[in-house]
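First up is the structure itself, then whatever we jot down about it.
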Amino acid sequence: MRGNVSHTLVTGAAGFIGYHVARALLERGDRVVGLDNLNDYYDPNLKKARLAELEPFEEWTFERLDLADREGMESLFARYEFDRVIHLAAQAGVRYSIENPHAYGQSNLVGFLHILEGCRRHEVGHLTYASTSSVYGANEVYPYSVRHNVDHPVSLYAATKKANELMAHSYSHLYGLPATGLRFFTVYGPWGRPDMAYFKFTEAILAGQSIDVYNHGHMRRDFTYIDDITEGVVRASDRVAEPDPEWSGGAPDPATSYAPFKVYNIGNNQSVELLRFIEVLEDVLGVKAELNMLPMQAGDVPATAADIDALVRDTGFRPNTPIEDGLARFVEWYREFYGA
């Protein structure tokens with residue numbers, strides 16, 4: 001670390017959350033190496049446009065590389081001396097994991113192993129990595145707490161993310177690697193992912209097309225604005241995970257450990273019904289949507305809600321952007337970016 005300036009690897013830097021986190025670090029003066037493979041899961045041109053926003057920063061370096069490339073990842077860690085790693089790259093999407101399971105094995109399991117090995121071999125000071133609210137799976141106790149059991153995932157995507165938490169803990173135990181996992185709850189906002197529902201809704205409504213609404217709109221989600229997610233990621237990364245002196249193997253707390261390991265939820269702490277979310281989007285767009293009501297999809301859950309007490313206690317930060325403000329900012333960006 002150079003003075004108070006951190007040298008950080010941000011994986012998935014051309015992605016939605018990765019771009020915002022890299023930008024936040026650069027804006028405060030950190031040195032950032034961004035990694036991404038620019039795959040075509042969704043429009044690579046959007047990813048390239050995000051990267052173009054980062055190019056003016058002097059402390060920015062971009063590496064195009066696939067997480068599953070073992071030699072490439074070993075070379076990356078050898079060429080740079082990273083103080084920290086913020087691992088946000090992954091094959092995303094619950095429904096896509098049903099159609100293309102092997103993509104998740106390569107990126108989310110093999111790729112994460114390469115991240116762990118790089119951190120171990122080069123003594124990285126703190127690994128912060130993306131998990132997901134999807135790990136709660138079949139749980140029906142709300143709000144979801146990091147102290148809850150998460151052994152019943154309902155999608156392969158969720159299973160790979162739970163596996164990441166287990167893999168990280170093993171490295172924290174074996175090698176003393178400080179590792180913090182962040183379970184994100186339904187992130188939305190400017191520069192978002194086109195495969196996300198709110199993005200598809202906006203595109204379809206402006207085109208005069210109907211929108212598919214699953215579970216007849218009676219889904220509830222803890223919609224979390226991207227600026228809140230970004231702030232939470234940066235604060236969690238700045239707070240290096242430490243062992244919990246009160247942890248007991250007789251009554252094990254899943255969120256902490258005798259090893260330097262932590263897990264946090266990052267959510268808005270306000271679960272909103274999908275139909276209400278659509279109403280707000282309609283108001284912001286000034287257009288009524290035609291709703292195509294459909295049953296629940298495989299791999300989905302009816303509701304998510306985040307208990308963020310641990311995050312607030314340890315970082316002093318509480319996400320609080322209402323959907324009215326967040327959707328207004330998203331639509332403003334969408335109209336400007338796409339000329340809609």
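Residues in the structure tokens are numbered from 1 in each chain, the chains being A, B, ... in the order shown, and ligands are numbered from 1 in the order shown.
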task: Do a neighbour search on segment 13-24 of chain A at 8 Å with only C-alpha atoms, toss out local chain neighbours closer than 5 positions, and write the hits as a PyMOL selection string.
output: chain A and resi 32+34-36+38+47-48+50-51+54+88-89+191-193+226-227+229-230+233-234
What are the closest atom pairs, with distances in Å to one decimal, for each residue of segment 292-334 of chain A lying within 12 Å of segment 135-138 of chain A, using only C-alpha atoms, rows by chain and rising residue number, as JSON lines?
```
{"residue": "A:Ala298", "atom": "CA", "partner": "A:Gly137", "partner_atom": "CA", "distance": 11.8}
{"residue": "A:Gly299", "atom": "CA", "partner": "A:Gly137", "partner_atom": "CA", "distance": 8.6}
{"residue": "A:Asp300", "atom": "CA", "partner": "A:Gly137", "partner_atom": "CA", "distance": 8.4}
{"residue": "A:Val301", "atom": "CA", "partner": "A:Gly137", "partner_atom": "CA", "distance": 6.9}
{"residue": "A:Pro302", "atom": "CA", "partner": "A:Ala138", "partner_atom": "CA", "distance": 9.7}
{"residue": "A:Ala303", "atom": "CA", "partner": "A:Gly137", "partner_atom": "CA", "distance": 10.0}
{"residue": "A:Thr304", "atom": "CA", "partner": "A:Tyr136", "partner_atom": "CA", "distance": 8.6}
{"residue": "A:Ala305", "atom": "CA", "partner": "A:Tyr136", "partner_atom": "CA", "distance": 10.2}
{"residue": "A:Ala306", "atom": "CA", "partner": "A:Tyr136", "partner_atom": "CA", "distance": 10.4}
```
Residues of segment 84-151 of chain A that have any atom at most 8 Å from an atom of segment 158-168 of chain A: could you tabulate them with the shortest-distance atom pair and the distance in Å to one decimal, using only C-alpha atoms, ordered by chain and increasing number, as a tab-separated table?
```
residue	atom	partner	partner_atom	distance
A:Val94	CA	A:Ala158	CA	7.4
A:Tyr104	CA	A:Thr160	CA	7.2
A:Gly105	CA	A:Thr160	CA	7.5
A:Asn108	CA	A:Thr160	CA	6.1
A:Leu109	CA	A:Thr160	CA	6.5
A:Phe112	CA	A:Asn164	CA	6.9
A:Leu113	CA	A:Met167	CA	7.7
A:Leu116	CA	A:Ala168	CA	7.2
A:Ser131	CA	A:Lys161	CA	5.4
A:Thr132	CA	A:Lys161	CA	6.7
A:Ser134	CA	A:Ala158	CA	5.2
A:Val135	CA	A:Ala158	CA	4.9
A:Gly137	CA	A:Ala158	CA	7.5
A:Val150	CA	A:Lys162	CA	7.7
```
Write the residues of the preceding selection, restricted to N, CA, C and O atoms, as a compact mmCIF listing (two decimals), in the first residue's frame.
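Saved file out.txt follows:
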```txt
# COMPACT_ATOMS: atom_id res chain seq x y z
N VAL A 94 -30.03 -16.33 -12.60
CA VAL A 94 -30.64 -17.54 -12.05
C VAL A 94 -31.18 -18.41 -13.18
O VAL A 94 -30.91 -19.61 -13.26
N TYR A 104 -21.32 -21.78 -15.41
CA TYR A 104 -21.23 -21.42 -14.00
C TYR A 104 -20.11 -22.19 -13.29
O TYR A 104 -19.46 -21.65 -12.40
N GLY A 105 -19.89 -23.43 -13.71
CA GLY A 105 -18.79 -24.19 -13.14
C GLY A 105 -17.45 -23.55 -13.46
O GLY A 105 -16.58 -23.42 -12.59
N ASN A 108 -17.69 -19.42 -11.93
CA ASN A 108 -17.98 -19.21 -10.52
C ASN A 108 -17.24 -20.16 -9.59
O ASN A 108 -17.07 -19.84 -8.41
N LEU A 109 -16.81 -21.32 -10.10
CA LEU A 109 -16.08 -22.26 -9.25
C LEU A 109 -14.60 -22.30 -9.60
O LEU A 109 -13.76 -21.97 -8.77
N PHE A 112 -13.18 -18.76 -9.31
CA PHE A 112 -13.01 -18.31 -7.93
C PHE A 112 -11.82 -19.00 -7.26
O PHE A 112 -11.11 -18.39 -6.46
N LEU A 113 -11.59 -20.25 -7.61
CA LEU A 113 -10.41 -20.94 -7.09
C LEU A 113 -9.13 -20.22 -7.51
O LEU A 113 -8.20 -20.06 -6.72
N LEU A 116 -8.70 -17.21 -5.30
CA LEU A 116 -8.22 -17.60 -3.97
C LEU A 116 -6.73 -17.95 -4.00
O LEU A 116 -5.97 -17.54 -3.11
N SER A 131 -21.36 -12.41 -3.23
CA SER A 131 -22.26 -13.54 -3.10
C SER A 131 -23.64 -13.04 -3.56
O SER A 131 -23.71 -12.10 -4.35
N THR A 132 -24.71 -13.61 -3.09
CA THR A 132 -26.03 -13.23 -3.58
C THR A 132 -27.12 -13.60 -2.58
O THR A 132 -26.97 -14.56 -1.81
N SER A 134 -29.64 -15.00 -3.43
CA SER A 134 -30.17 -16.27 -3.92
C SER A 134 -29.72 -17.46 -3.06
O SER A 134 -30.34 -18.53 -3.12
N VAL A 135 -28.65 -17.29 -2.27
CA VAL A 135 -28.19 -18.41 -1.43
C VAL A 135 -29.25 -18.81 -0.39
O VAL A 135 -29.23 -19.94 0.11
N GLY A 137 -32.33 -19.37 -0.89
CA GLY A 137 -33.09 -20.45 -1.51
C GLY A 137 -34.45 -20.69 -0.92
O GLY A 137 -35.33 -19.84 -0.96
N VAL A 150 -28.17 -21.67 5.05
CA VAL A 150 -28.38 -21.47 3.61
C VAL A 150 -27.96 -22.72 2.83
O VAL A 150 -27.25 -22.65 1.83
```
| request: Pick out the residues sitting within 9 Å of Asp228 of chain A, and hand them over as a PyMOL selection string; count only C-alpha atoms, and ignore anything fewer than 5 positions along from it in its own chain. | output: chain A and resi 233+266-268+317-321
What's around Ser133 of chain A at 8 Å? Count only C-alpha atoms, leave out sequence neighbours fewer than 5 positions away in its own chain, and write the answer as a ChimeraX atom specification. /A:183-186,265,304
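We find atom CA of His218 of chain A and atom CA of Ser97 of chain A to be spaced 23.2 Å apart.
Each of A:Leu291, A:Val110, A:Val124, A:Ile115 was checked against Val240 of chain A using only C-alpha atoms; the smallest atom-to-atom distance is that of A:Val124.
The protein and nucleic acid residues lying at most 8 Å from Thr202 of chain A are Leu281, Leu285 and Val331 of chain A, with only C-alpha atoms considered and sequence neighbours fewer than 6 positions away removed.
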Hey, can you spit out that residue selection with C-alpha atoms as a PDB file, in the first residue's frame?
```
ATOM      1  CA  LEU A 281     -41.582   2.677 -13.294  1.00  0.00           C
ATOM      2  CA  LEU A 285     -41.712   6.762 -17.818  1.00  0.00           C
ATOM      3  CA  VAL A 331     -34.678   6.111 -16.530  1.00  0.00           C
TER       4      VAL A 331
END
```
